[in-house]
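> Structure supplied as upload-v7.txt; contents: compact mmCIF, N, CA, C and O atoms.
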# COMPACT_ATOMS: atom_id res chain seq x y z
N MET W 1 -16.15 -22.20 -28.60
CA MET W 1 -16.12 -20.99 -27.79
C MET W 1 -15.26 -21.21 -26.55
O MET W 1 -15.33 -22.25 -25.92
N ASN W 2 -14.48 -20.19 -26.20
CA ASN W 2 -13.61 -20.26 -25.03
C ASN W 2 -14.24 -19.46 -23.90
O ASN W 2 -14.34 -18.24 -23.97
N ILE W 3 -14.63 -20.14 -22.85
CA ILE W 3 -15.32 -19.49 -21.73
C ILE W 3 -14.36 -19.00 -20.65
O ILE W 3 -14.74 -18.24 -19.77
N GLU W 4 -13.07 -19.42 -20.73
CA GLU W 4 -12.12 -19.06 -19.67
C GLU W 4 -11.93 -17.56 -19.52
O GLU W 4 -11.81 -17.05 -18.41
N GLY W 5 -11.86 -16.83 -20.63
CA GLY W 5 -11.65 -15.38 -20.57
C GLY W 5 -12.74 -14.67 -19.78
O GLY W 5 -12.45 -13.93 -18.84
N PRO W 6 -14.02 -14.88 -20.16
CA PRO W 6 -15.09 -14.25 -19.37
C PRO W 6 -15.13 -14.71 -17.92
O PRO W 6 -15.43 -13.92 -17.02
N LEU W 7 -14.80 -15.98 -17.66
CA LEU W 7 -14.77 -16.47 -16.28
C LEU W 7 -13.68 -15.77 -15.47
O LEU W 7 -13.89 -15.39 -14.31
N ILE W 8 -12.52 -15.59 -16.08
CA ILE W 8 -11.43 -14.88 -15.39
C ILE W 8 -11.84 -13.43 -15.13
O ILE W 8 -11.59 -12.89 -14.05
N GLY W 9 -12.49 -12.81 -16.10
CA GLY W 9 -12.95 -11.43 -15.92
C GLY W 9 -13.95 -11.31 -14.79
O GLY W 9 -13.85 -10.42 -13.94
N LEU W 10 -14.93 -12.22 -14.77
CA LEU W 10 -15.95 -12.21 -13.70
C LEU W 10 -15.30 -12.47 -12.34
O LEU W 10 -15.59 -11.78 -11.36
N ALA W 11 -14.42 -13.46 -12.30
CA ALA W 11 -13.76 -13.80 -11.03
C ALA W 11 -12.90 -12.64 -10.54
O ALA W 11 -12.85 -12.36 -9.34
N THR W 12 -12.22 -11.95 -11.45
CA THR W 12 -11.41 -10.79 -11.08
C THR W 12 -12.28 -9.71 -10.45
O THR W 12 -11.95 -9.13 -9.41
N PHE W 13 -13.41 -9.45 -11.08
CA PHE W 13 -14.36 -8.47 -10.56
C PHE W 13 -14.81 -8.86 -9.15
O PHE W 13 -14.84 -8.01 -8.25
N LEU W 14 -15.14 -10.13 -8.95
CA LEU W 14 -15.61 -10.59 -7.64
C LEU W 14 -14.50 -10.57 -6.59
O LEU W 14 -14.73 -10.19 -5.44
N ILE W 15 -13.29 -10.96 -6.98
CA ILE W 15 -12.16 -10.96 -6.03
C ILE W 15 -11.87 -9.54 -5.55
O ILE W 15 -11.71 -9.30 -4.35
N ILE W 16 -11.82 -8.60 -6.48
CA ILE W 16 -11.58 -7.21 -6.10
C ILE W 16 -12.72 -6.71 -5.22
O ILE W 16 -12.50 -6.01 -4.23
N GLY W 17 -13.95 -7.11 -5.55
CA GLY W 17 -15.10 -6.72 -4.75
C GLY W 17 -15.06 -7.28 -3.34
O GLY W 17 -15.51 -6.63 -2.39
N VAL W 18 -14.50 -8.46 -3.18
CA VAL W 18 -14.39 -9.07 -1.84
C VAL W 18 -13.30 -8.37 -1.02
O VAL W 18 -13.45 -8.18 0.18
N PHE W 19 -12.21 -7.99 -1.68
CA PHE W 19 -11.12 -7.36 -0.94
C PHE W 19 -11.48 -5.96 -0.43
O PHE W 19 -10.93 -5.51 0.57
N HIS W 20 -12.40 -5.28 -1.09
CA HIS W 20 -12.78 -3.93 -0.65
C HIS W 20 -13.30 -3.91 0.79
O HIS W 20 -12.77 -3.17 1.62
N PRO W 21 -14.33 -4.71 1.14
CA PRO W 21 -14.77 -4.70 2.54
C PRO W 21 -13.75 -5.30 3.50
O PRO W 21 -13.71 -4.92 4.67
N ILE W 22 -12.90 -6.19 3.01
CA ILE W 22 -11.85 -6.75 3.87
C ILE W 22 -10.91 -5.65 4.32
O ILE W 22 -10.51 -5.60 5.49
N VAL W 23 -10.56 -4.74 3.41
CA VAL W 23 -9.69 -3.61 3.76
C VAL W 23 -10.34 -2.76 4.84
O VAL W 23 -9.72 -2.42 5.85
N ILE W 24 -11.61 -2.43 4.65
CA ILE W 24 -12.32 -1.56 5.59
C ILE W 24 -12.42 -2.21 6.96
O ILE W 24 -12.12 -1.59 7.99
N LYS W 25 -12.83 -3.47 7.00
CA LYS W 25 -13.00 -4.17 8.29
C LYS W 25 -11.65 -4.41 8.98
O LYS W 25 -11.54 -4.28 10.20
N THR W 26 -10.64 -4.76 8.21
CA THR W 26 -9.32 -5.00 8.80
C THR W 26 -8.78 -3.74 9.45
O THR W 26 -8.31 -3.77 10.59
N GLU W 27 -8.87 -2.62 8.73
CA GLU W 27 -8.38 -1.37 9.29
C GLU W 27 -9.20 -0.95 10.51
O GLU W 27 -8.66 -0.48 11.50
N TYR W 28 -10.50 -1.17 10.47
CA TYR W 28 -11.38 -0.78 11.57
C TYR W 28 -11.05 -1.56 12.84
O TYR W 28 -10.95 -0.99 13.92
N TYR W 29 -10.89 -2.87 12.71
CA TYR W 29 -10.70 -3.71 13.90
C TYR W 29 -9.23 -3.86 14.31
O TYR W 29 -8.93 -4.04 15.49
N PHE W 30 -8.31 -3.84 13.35
CA PHE W 30 -6.91 -4.15 13.67
C PHE W 30 -5.92 -3.05 13.27
O PHE W 30 -4.73 -3.18 13.55
N GLY W 31 -6.39 -2.02 12.59
CA GLY W 31 -5.47 -1.00 12.09
C GLY W 31 -4.66 -1.54 10.92
O GLY W 31 -5.12 -2.39 10.17
N THR W 32 -3.44 -1.07 10.79
CA THR W 32 -2.59 -1.51 9.68
C THR W 32 -1.65 -2.65 10.09
O THR W 32 -0.87 -3.12 9.26
N ARG W 33 -1.73 -3.07 11.34
CA ARG W 33 -0.81 -4.11 11.84
C ARG W 33 -0.80 -5.40 11.02
O ARG W 33 0.26 -5.99 10.83
N PRO W 34 -1.95 -5.89 10.48
CA PRO W 34 -1.92 -7.18 9.76
C PRO W 34 -1.46 -7.09 8.30
O PRO W 34 -1.70 -8.00 7.53
N TRP W 35 -0.77 -6.03 7.91
CA TRP W 35 -0.36 -5.89 6.52
C TRP W 35 0.48 -7.07 6.07
O TRP W 35 0.40 -7.51 4.92
N TRP W 36 1.28 -7.63 6.96
CA TRP W 36 2.17 -8.73 6.61
C TRP W 36 1.41 -10.00 6.25
O TRP W 36 1.91 -10.82 5.48
N ILE W 37 0.19 -10.15 6.78
CA ILE W 37 -0.64 -11.31 6.41
C ILE W 37 -1.00 -11.24 4.93
O ILE W 37 -0.94 -12.24 4.21
N PHE W 38 -1.34 -10.03 4.47
CA PHE W 38 -1.65 -9.85 3.06
C PHE W 38 -0.41 -10.04 2.19
O PHE W 38 -0.52 -10.52 1.06
N LEU W 39 0.75 -9.67 2.72
CA LEU W 39 2.00 -9.90 1.98
C LEU W 39 2.23 -11.40 1.79
O LEU W 39 2.52 -11.86 0.68
N LEU W 40 2.11 -12.16 2.87
CA LEU W 40 2.31 -13.61 2.78
C LEU W 40 1.27 -14.27 1.88
O LEU W 40 1.62 -15.14 1.06
N LEU W 41 0.02 -13.86 2.03
CA LEU W 41 -1.04 -14.41 1.18
C LEU W 41 -0.77 -14.10 -0.29
O LEU W 41 -0.88 -14.97 -1.16
N GLY W 42 -0.39 -12.85 -0.56
CA GLY W 42 -0.12 -12.44 -1.93
C GLY W 42 1.03 -13.20 -2.55
O GLY W 42 0.92 -13.73 -3.66
N LEU W 43 2.13 -13.26 -1.83
CA LEU W 43 3.29 -13.98 -2.36
C LEU W 43 3.01 -15.46 -2.51
O LEU W 43 3.45 -16.10 -3.48
N GLY W 44 2.26 -16.03 -1.57
CA GLY W 44 1.90 -17.45 -1.67
C GLY W 44 1.03 -17.75 -2.87
O GLY W 44 1.26 -18.73 -3.59
N CYS W 45 0.05 -16.90 -3.10
CA CYS W 45 -0.83 -17.11 -4.26
C CYS W 45 -0.08 -16.93 -5.57
O CYS W 45 -0.26 -17.71 -6.52
N ILE W 46 0.80 -15.94 -5.64
CA ILE W 46 1.58 -15.72 -6.86
C ILE W 46 2.52 -16.90 -7.11
O ILE W 46 2.66 -17.37 -8.23
N ALA W 47 3.17 -17.37 -6.05
CA ALA W 47 4.04 -18.54 -6.19
C ALA W 47 3.24 -19.76 -6.63
O ALA W 47 3.67 -20.52 -7.51
N GLY W 48 2.06 -19.93 -6.03
CA GLY W 48 1.21 -21.06 -6.42
C GLY W 48 0.79 -20.97 -7.87
O GLY W 48 0.70 -21.98 -8.58
N ALA W 49 0.54 -19.75 -8.35
CA ALA W 49 0.12 -19.55 -9.74
C ALA W 49 1.19 -20.02 -10.71
O ALA W 49 0.89 -20.44 -11.83
N LEU W 50 2.45 -19.97 -10.29
CA LEU W 50 3.54 -20.39 -11.17
C LEU W 50 3.59 -21.90 -11.37
O LEU W 50 4.14 -22.37 -12.36
N PHE W 51 3.02 -22.64 -10.43
CA PHE W 51 3.16 -24.09 -10.47
C PHE W 51 1.87 -24.84 -10.79
O PHE W 51 1.87 -26.07 -10.82
N VAL W 52 0.80 -24.12 -11.04
CA VAL W 52 -0.48 -24.75 -11.36
C VAL W 52 -0.59 -24.87 -12.88
O VAL W 52 -0.32 -23.91 -13.60
N GLU W 53 -0.97 -26.04 -13.36
CA GLU W 53 -1.06 -26.25 -14.80
C GLU W 53 -2.29 -25.62 -15.42
O GLU W 53 -2.25 -25.17 -16.56
N SER W 54 -3.39 -25.58 -14.71
CA SER W 54 -4.63 -25.03 -15.24
C SER W 54 -4.52 -23.52 -15.42
O SER W 54 -4.17 -22.79 -14.49
N THR W 55 -4.82 -23.05 -16.62
CA THR W 55 -4.76 -21.62 -16.91
C THR W 55 -5.75 -20.85 -16.04
O THR W 55 -5.40 -19.80 -15.48
N LEU W 56 -6.94 -21.37 -15.90
CA LEU W 56 -7.97 -20.69 -15.10
C LEU W 56 -7.54 -20.58 -13.64
O LEU W 56 -7.58 -19.50 -13.05
N THR W 57 -7.10 -21.67 -13.06
CA THR W 57 -6.68 -21.67 -11.66
C THR W 57 -5.46 -20.78 -11.45
O THR W 57 -5.39 -20.01 -10.48
N SER W 58 -4.50 -20.85 -12.37
CA SER W 58 -3.32 -20.03 -12.28
C SER W 58 -3.67 -18.54 -12.35
O SER W 58 -3.15 -17.73 -11.57
N ALA W 59 -4.57 -18.19 -13.26
CA ALA W 59 -4.99 -16.79 -13.39
C ALA W 59 -5.70 -16.31 -12.12
O ALA W 59 -5.45 -15.20 -11.65
N LEU W 60 -6.56 -17.15 -11.56
CA LEU W 60 -7.28 -16.76 -10.35
C LEU W 60 -6.34 -16.62 -9.15
O LEU W 60 -6.50 -15.72 -8.33
N LEU W 61 -5.36 -17.50 -9.07
CA LEU W 61 -4.36 -17.36 -8.01
C LEU W 61 -3.55 -16.07 -8.20
O LEU W 61 -3.25 -15.36 -7.24
N GLY W 62 -3.19 -15.77 -9.44
CA GLY W 62 -2.45 -14.55 -9.71
C GLY W 62 -3.25 -13.30 -9.37
O GLY W 62 -2.74 -12.37 -8.75
N VAL W 63 -4.52 -13.29 -9.76
CA VAL W 63 -5.37 -12.14 -9.45
C VAL W 63 -5.54 -11.99 -7.94
O VAL W 63 -5.46 -10.89 -7.40
N THR W 64 -5.76 -13.10 -7.26
CA THR W 64 -5.89 -13.06 -5.80
C THR W 64 -4.60 -12.58 -5.15
O THR W 64 -4.62 -11.77 -4.22
N GLY W 65 -3.47 -13.07 -5.64
CA GLY W 65 -2.18 -12.68 -5.09
C GLY W 65 -1.90 -11.20 -5.24
O GLY W 65 -1.53 -10.52 -4.27
N PHE W 66 -2.11 -10.68 -6.43
CA PHE W 66 -1.84 -9.26 -6.65
C PHE W 66 -2.88 -8.37 -5.98
O PHE W 66 -2.57 -7.27 -5.52
N SER W 67 -4.11 -8.85 -5.86
CA SER W 67 -5.13 -8.10 -5.11
C SER W 67 -4.76 -8.03 -3.64
O SER W 67 -4.97 -7.01 -2.98
N SER W 68 -4.20 -9.12 -3.13
CA SER W 68 -3.76 -9.14 -1.74
C SER W 68 -2.61 -8.16 -1.52
O SER W 68 -2.57 -7.45 -0.51
N LEU W 69 -1.68 -8.10 -2.46
CA LEU W 69 -0.58 -7.14 -2.33
C LEU W 69 -1.09 -5.71 -2.42
O LEU W 69 -0.63 -4.83 -1.69
N TRP W 70 -2.06 -5.47 -3.28
CA TRP W 70 -2.65 -4.13 -3.41
C TRP W 70 -3.37 -3.74 -2.12
O TRP W 70 -3.42 -2.56 -1.76
N THR W 71 -3.89 -4.73 -1.41
CA THR W 71 -4.59 -4.50 -0.15
C THR W 71 -3.68 -3.85 0.88
O THR W 71 -4.14 -3.06 1.70
N ILE W 72 -2.39 -4.14 0.82
CA ILE W 72 -1.45 -3.52 1.76
C ILE W 72 -1.47 -2.00 1.59
O ILE W 72 -1.60 -1.25 2.56
N LEU W 73 -1.37 -1.55 0.35
CA LEU W 73 -1.44 -0.12 0.08
C LEU W 73 -2.79 0.45 0.52
O LEU W 73 -2.85 1.50 1.15
N GLU W 74 -3.86 -0.26 0.21
CA GLU W 74 -5.20 0.22 0.56
C GLU W 74 -5.40 0.30 2.07
O GLU W 74 -6.13 1.17 2.55
N LEU W 75 -4.78 -0.60 2.84
CA LEU W 75 -4.88 -0.53 4.31
C LEU W 75 -4.34 0.81 4.82
O LEU W 75 -4.97 1.45 5.67
N PHE W 76 -3.18 1.20 4.31
CA PHE W 76 -2.59 2.45 4.76
C PHE W 76 -3.37 3.65 4.24
O PHE W 76 -3.48 4.67 4.92
N GLU W 77 -3.92 3.55 3.05
CA GLU W 77 -4.75 4.63 2.53
C GLU W 77 -6.07 4.71 3.31
O GLU W 77 -6.60 5.80 3.52
N GLN W 78 -6.59 3.55 3.72
CA GLN W 78 -7.81 3.54 4.53
C GLN W 78 -7.57 4.21 5.87
O GLN W 78 -8.42 4.95 6.38
N LYS W 79 -6.39 4.00 6.45
CA LYS W 79 -6.03 4.67 7.70
C LYS W 79 -6.10 6.19 7.52
O LYS W 79 -6.60 6.91 8.38
N GLU W 80 -5.62 6.66 6.38
CA GLU W 80 -5.65 8.10 6.09
C GLU W 80 -7.09 8.58 5.87
O GLU W 80 -7.46 9.66 6.31
N ARG W 81 -7.93 7.77 5.21
CA ARG W 81 -9.33 8.14 5.01
C ARG W 81 -10.07 8.23 6.34
O ARG W 81 -10.92 9.11 6.53
N VAL W 82 -9.74 7.35 7.27
CA VAL W 82 -10.34 7.40 8.61
C VAL W 82 -9.88 8.66 9.32
O VAL W 82 -10.68 9.35 9.96
N ARG W 83 -8.59 8.99 9.20
CA ARG W 83 -8.06 10.20 9.83
C ARG W 83 -8.77 11.45 9.32
O ARG W 83 -9.04 12.37 10.07
N LYS W 84 -9.11 11.45 8.04
CA LYS W 84 -9.81 12.60 7.45
C LYS W 84 -11.29 12.63 7.79
O LYS W 84 -11.98 13.59 7.48
N GLY W 85 -11.78 11.55 8.40
CA GLY W 85 -13.18 11.51 8.80
C GLY W 85 -14.12 10.96 7.75
O GLY W 85 -15.33 11.04 7.88
N TRP W 86 -13.57 10.38 6.69
CA TRP W 86 -14.41 9.83 5.62
C TRP W 86 -15.01 8.49 6.01
O TRP W 86 -16.02 8.06 5.45
N PHE W 87 -14.38 7.79 6.96
CA PHE W 87 -14.86 6.51 7.47
C PHE W 87 -14.85 6.58 9.00
O PHE W 87 -14.04 7.31 9.57
N PRO W 88 -15.71 5.81 9.65
CA PRO W 88 -15.75 5.87 11.12
C PRO W 88 -14.50 5.29 11.75
O PRO W 88 -13.91 4.34 11.26
N LYS W 89 -14.13 5.91 12.87
CA LYS W 89 -12.99 5.44 13.65
C LYS W 89 -13.52 4.57 14.78
O LYS W 89 -14.51 4.90 15.42
N ARG W 90 -12.85 3.48 15.04
CA ARG W 90 -13.26 2.60 16.12
C ARG W 90 -12.84 3.20 17.44
O ARG W 90 -11.67 3.55 17.64
N GLU W 91 -13.79 3.32 18.34
CA GLU W 91 -13.51 3.86 19.66
C GLU W 91 -12.96 2.76 20.55
O GLU W 91 -13.47 1.64 20.54
N LYS W 92 -11.93 3.06 21.29
CA LYS W 92 -11.31 2.10 22.21
C LYS W 92 -12.26 1.85 23.38
O LYS W 92 -12.85 2.77 23.91
N LYS W 93 -12.39 0.55 23.76
CA LYS W 93 -13.23 0.22 24.91
C LYS W 93 -12.50 0.62 26.18
O LYS W 93 -11.29 0.54 26.30
N LYS W 94 -13.29 1.09 27.15
CA LYS W 94 -12.70 1.54 28.42
C LYS W 94 -12.64 0.41 29.40
O LYS W 94 -13.32 -0.51 29.43
Using the file provided, produce a representation of the structure as structure tokens.

Amino acid sequence: MNIEGPLIGLATFLIIGVFHPIVIKTEYYFGTRPWWIFLLLGLGCIAGALFVESTLTSALLGVTGFSSLWTILELFEQKERVRKGWFPKREKKK
């Protein structure tokens, strides 16, 4: 039996689940300014996936990398959701 497929599926589910609150918290505290951090993380993970011999590790790096790149889009969409009032806006301290 090959367990790698189900492990990759479970890990993908968990990675996407972790990025969801990261998007919300990042936009709340920092706005869209840190988008470039997700770009670097994404590109780094994808590059790393190319050079790792383990299929499982390479797949997880790839999923993390592309999830990080997708986070850039979600950050800007989250900004729009906040503007529409679907999520709370952080009030500036006086």
> (-14.7, 1.1, 8.0) in this file's frame - what residues fall within 7 Å of it? Use only C-alpha atoms and give the answer as a list in words.
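The residues that fall inside the cut-off are Ile24, Lys25, Glu27, Tyr28, Phe87 and Pro88 of chain W.
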> What is the CA of Thr55 in chain W-atom N of Gly5 in chain W distance in Å, reported with one decimal?
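Pair CA of Thr55 in chain W / atom N of Gly5 in chain W returns 9.3 Å.
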> Using only C-alpha atoms, can you tell me which of W:Phe66, W:Phe30, W:Phe19, W:Trp86 comes closest to Gly42 in chain W?
W:Phe66
> Taking 5 positions as the minimum chain separation for residues in the same chain, which residues sit within 7 Å of Phe38 in chain W when counting only N, CA, C and O atoms? Answer as a ChimeraX atom specification.
/W:43-44,64-65,67-72
> Kindly give the distance, in Å, that separates atom O of Val18 in chain W and atom C of Val63 in chain W, rounded to a single decimal.
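Between these atoms lies a distance of 12.0 Å.
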> For Ile22 in chain W, which of W:Leu7, W:Leu75, W:Ala49, W:Leu41 is the closest residue, counting only C-alpha atoms?
W:Leu75
> Could you please determine the separation between atom O of Val23 in chain W and atom O of Thr57 in chain W in Å, to one decimal place?
24.4 Å
> Of the candidates W:Cys45, W:Leu39, W:Leu61, W:Glu74, which shows the shortest atom-to-atom distance to His20 in chain W, using all atoms listed in the file?
W:Glu74
> As an MDAnalysis selection string, please: every residue in chain W that a backbone DSSP assignment puts in alpha helix (DSSP H).
chainID W and resid 4:30 35:51 55:83
> Would you mind telling me which residue in W:Ser54, W:Ala47, W:Leu40, W:Tyr29 lies nearest to Arg90 in chain W when using all atoms listed in the file?
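Checking each of W:Ser54, W:Ala47, W:Leu40, W:Tyr29 against Arg90 in chain W, counting all atoms listed in the file, the winner is W:Tyr29.
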> Return the padded bounding box of range 63-66 of chain W as lines of an AutoDock Vina configuration file: axis-aligned, built from all atoms listed in the file, 4 Å added on each side, with centre and edge lengths in Å to one decimal.

center_x = -3.7
center_y = -10.3
center_z = -7.0
size_x = 12.4
size_y = 14.0
size_z = 13.5
> Looking at all atoms listed in the file, which of W:Gln78, W:Ala59, W:Arg83, W:Glu91 is the one that sits closest to Thr12 in chain W?
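Between W:Gln78, W:Ala59, W:Arg83, W:Glu91, the residue approaching Thr12 in chain W most closely is W:Ala59.
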> Generate a file for range 7-18 of chain W, containing all heavy atoms, as a PDB file, in the first residue's frame.

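And here is the file that came out, out01.pdb:
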ATOM      1  N   LEU W   7      -1.326  11.032   2.448  1.00  0.00           N
ATOM      2  CA  LEU W   7      -0.584  11.989   3.278  1.00  0.00           C
ATOM      3  C   LEU W   7      -0.482  13.349   2.585  1.00  0.00           C
ATOM      4  O   LEU W   7      -0.640  14.396   3.219  1.00  0.00           O
ATOM      5  CB  LEU W   7       0.808  11.462   3.606  1.00  0.00           C
ATOM      6  CG  LEU W   7       0.898  10.400   4.684  1.00  0.00           C
ATOM      7  CD1 LEU W   7       2.339   9.931   4.852  1.00  0.00           C
ATOM      8  CD2 LEU W   7       0.356  10.910   6.005  1.00  0.00           C
ATOM      9  N   ILE W   8      -0.222  13.328   1.285  1.00  0.00           N
ATOM     10  CA  ILE W   8      -0.148  14.585   0.533  1.00  0.00           C
ATOM     11  C   ILE W   8      -1.516  15.267   0.538  1.00  0.00           C
ATOM     12  O   ILE W   8      -1.615  16.489   0.704  1.00  0.00           O
ATOM     13  CB  ILE W   8       0.354  14.339  -0.904  1.00  0.00           C
ATOM     14  CG1 ILE W   8       1.823  13.919  -0.873  1.00  0.00           C
ATOM     15  CG2 ILE W   8       0.162  15.583  -1.782  1.00  0.00           C
ATOM     16  CD1 ILE W   8       2.349  13.405  -2.197  1.00  0.00           C
ATOM     17  N   GLY W   9      -2.569  14.489   0.369  1.00  0.00           N
ATOM     18  CA  GLY W   9      -3.919  15.061   0.400  1.00  0.00           C
ATOM     19  C   GLY W   9      -4.243  15.699   1.733  1.00  0.00           C
ATOM     20  O   GLY W   9      -4.761  16.817   1.797  1.00  0.00           O
ATOM     21  N   LEU W  10      -3.937  14.987   2.820  1.00  0.00           N
ATOM     22  CA  LEU W  10      -4.185  15.517   4.168  1.00  0.00           C
ATOM     23  C   LEU W  10      -3.349  16.768   4.416  1.00  0.00           C
ATOM     24  O   LEU W  10      -3.849  17.775   4.924  1.00  0.00           O
ATOM     25  CB  LEU W  10      -3.884  14.454   5.221  1.00  0.00           C
ATOM     26  CG  LEU W  10      -3.999  14.907   6.679  1.00  0.00           C
ATOM     27  CD1 LEU W  10      -5.429  15.320   7.000  1.00  0.00           C
ATOM     28  CD2 LEU W  10      -3.526  13.792   7.607  1.00  0.00           C
ATOM     29  N   ALA W  11      -2.071  16.703   4.044  1.00  0.00           N
ATOM     30  CA  ALA W  11      -1.191  17.851   4.260  1.00  0.00           C
ATOM     31  C   ALA W  11      -1.653  19.060   3.442  1.00  0.00           C
ATOM     32  O   ALA W  11      -1.597  20.191   3.922  1.00  0.00           O
ATOM     33  CB  ALA W  11       0.247  17.487   3.903  1.00  0.00           C
ATOM     34  N   THR W  12      -2.125  18.828   2.226  1.00  0.00           N
ATOM     35  CA  THR W  12      -2.635  19.917   1.393  1.00  0.00           C
ATOM     36  C   THR W  12      -3.825  20.583   2.068  1.00  0.00           C
ATOM     37  O   THR W  12      -3.920  21.819   2.139  1.00  0.00           O
ATOM     38  CB  THR W  12      -3.038  19.394   0.001  1.00  0.00           C
ATOM     39  OG1 THR W  12      -1.886  18.830  -0.626  1.00  0.00           O
ATOM     40  CG2 THR W  12      -3.614  20.501  -0.860  1.00  0.00           C
ATOM     41  N   PHE W  13      -4.728  19.768   2.571  1.00  0.00           N
ATOM     42  CA  PHE W  13      -5.895  20.275   3.289  1.00  0.00           C
ATOM     43  C   PHE W  13      -5.462  21.129   4.482  1.00  0.00           C
ATOM     44  O   PHE W  13      -5.987  22.228   4.697  1.00  0.00           O
ATOM     45  CB  PHE W  13      -6.738  19.081   3.749  1.00  0.00           C
ATOM     46  CG  PHE W  13      -7.927  19.450   4.569  1.00  0.00           C
ATOM     47  CD1 PHE W  13      -9.046  20.029   3.990  1.00  0.00           C
ATOM     48  CD2 PHE W  13      -7.941  19.216   5.941  1.00  0.00           C
ATOM     49  CE1 PHE W  13     -10.152  20.368   4.763  1.00  0.00           C
ATOM     50  CE2 PHE W  13      -9.035  19.547   6.713  1.00  0.00           C
ATOM     51  CZ  PHE W  13     -10.145  20.124   6.115  1.00  0.00           C
ATOM     52  N   LEU W  14      -4.490  20.644   5.253  1.00  0.00           N
ATOM     53  CA  LEU W  14      -4.023  21.372   6.436  1.00  0.00           C
ATOM     54  C   LEU W  14      -3.279  22.654   6.058  1.00  0.00           C
ATOM     55  O   LEU W  14      -3.450  23.696   6.709  1.00  0.00           O
ATOM     56  CB  LEU W  14      -3.145  20.477   7.296  1.00  0.00           C
ATOM     57  CG  LEU W  14      -3.853  19.283   7.940  1.00  0.00           C
ATOM     58  CD1 LEU W  14      -2.848  18.373   8.637  1.00  0.00           C
ATOM     59  CD2 LEU W  14      -4.932  19.738   8.902  1.00  0.00           C
ATOM     60  N   ILE W  15      -2.459  22.599   5.019  1.00  0.00           N
ATOM     61  CA  ILE W  15      -1.708  23.787   4.590  1.00  0.00           C
ATOM     62  C   ILE W  15      -2.664  24.891   4.143  1.00  0.00           C
ATOM     63  O   ILE W  15      -2.521  26.054   4.542  1.00  0.00           O
ATOM     64  CB  ILE W  15      -0.707  23.427   3.470  1.00  0.00           C
ATOM     65  CG1 ILE W  15       0.435  22.588   4.046  1.00  0.00           C
ATOM     66  CG2 ILE W  15      -0.164  24.677   2.790  1.00  0.00           C
ATOM     67  CD1 ILE W  15       1.304  21.916   2.997  1.00  0.00           C
ATOM     68  N   ILE W  16      -3.652  24.532   3.342  1.00  0.00           N
ATOM     69  CA  ILE W  16      -4.638  25.518   2.901  1.00  0.00           C
ATOM     70  C   ILE W  16      -5.403  26.057   4.105  1.00  0.00           C
ATOM     71  O   ILE W  16      -5.671  27.254   4.202  1.00  0.00           O
ATOM     72  CB  ILE W  16      -5.587  24.901   1.851  1.00  0.00           C
ATOM     73  CG1 ILE W  16      -4.815  24.634   0.565  1.00  0.00           C
ATOM     74  CG2 ILE W  16      -6.777  25.821   1.580  1.00  0.00           C
ATOM     75  CD1 ILE W  16      -5.563  23.807  -0.454  1.00  0.00           C
ATOM     76  N   GLY W  17      -5.723  25.176   5.046  1.00  0.00           N
ATOM     77  CA  GLY W  17      -6.422  25.602   6.254  1.00  0.00           C
ATOM     78  C   GLY W  17      -5.606  26.557   7.106  1.00  0.00           C
ATOM     79  O   GLY W  17      -6.159  27.457   7.742  1.00  0.00           O
ATOM     80  N   VAL W  18      -4.297  26.390   7.108  1.00  0.00           N
ATOM     81  CA  VAL W  18      -3.423  27.286   7.884  1.00  0.00           C
ATOM     82  C   VAL W  18      -3.312  28.652   7.199  1.00  0.00           C
ATOM     83  O   VAL W  18      -3.275  29.686   7.871  1.00  0.00           O
ATOM     84  CB  VAL W  18      -2.030  26.646   8.071  1.00  0.00           C
ATOM     85  CG1 VAL W  18      -1.002  27.652   8.532  1.00  0.00           C
ATOM     86  CG2 VAL W  18      -2.118  25.479   9.046  1.00  0.00           C
TER      87      VAL W  18
END
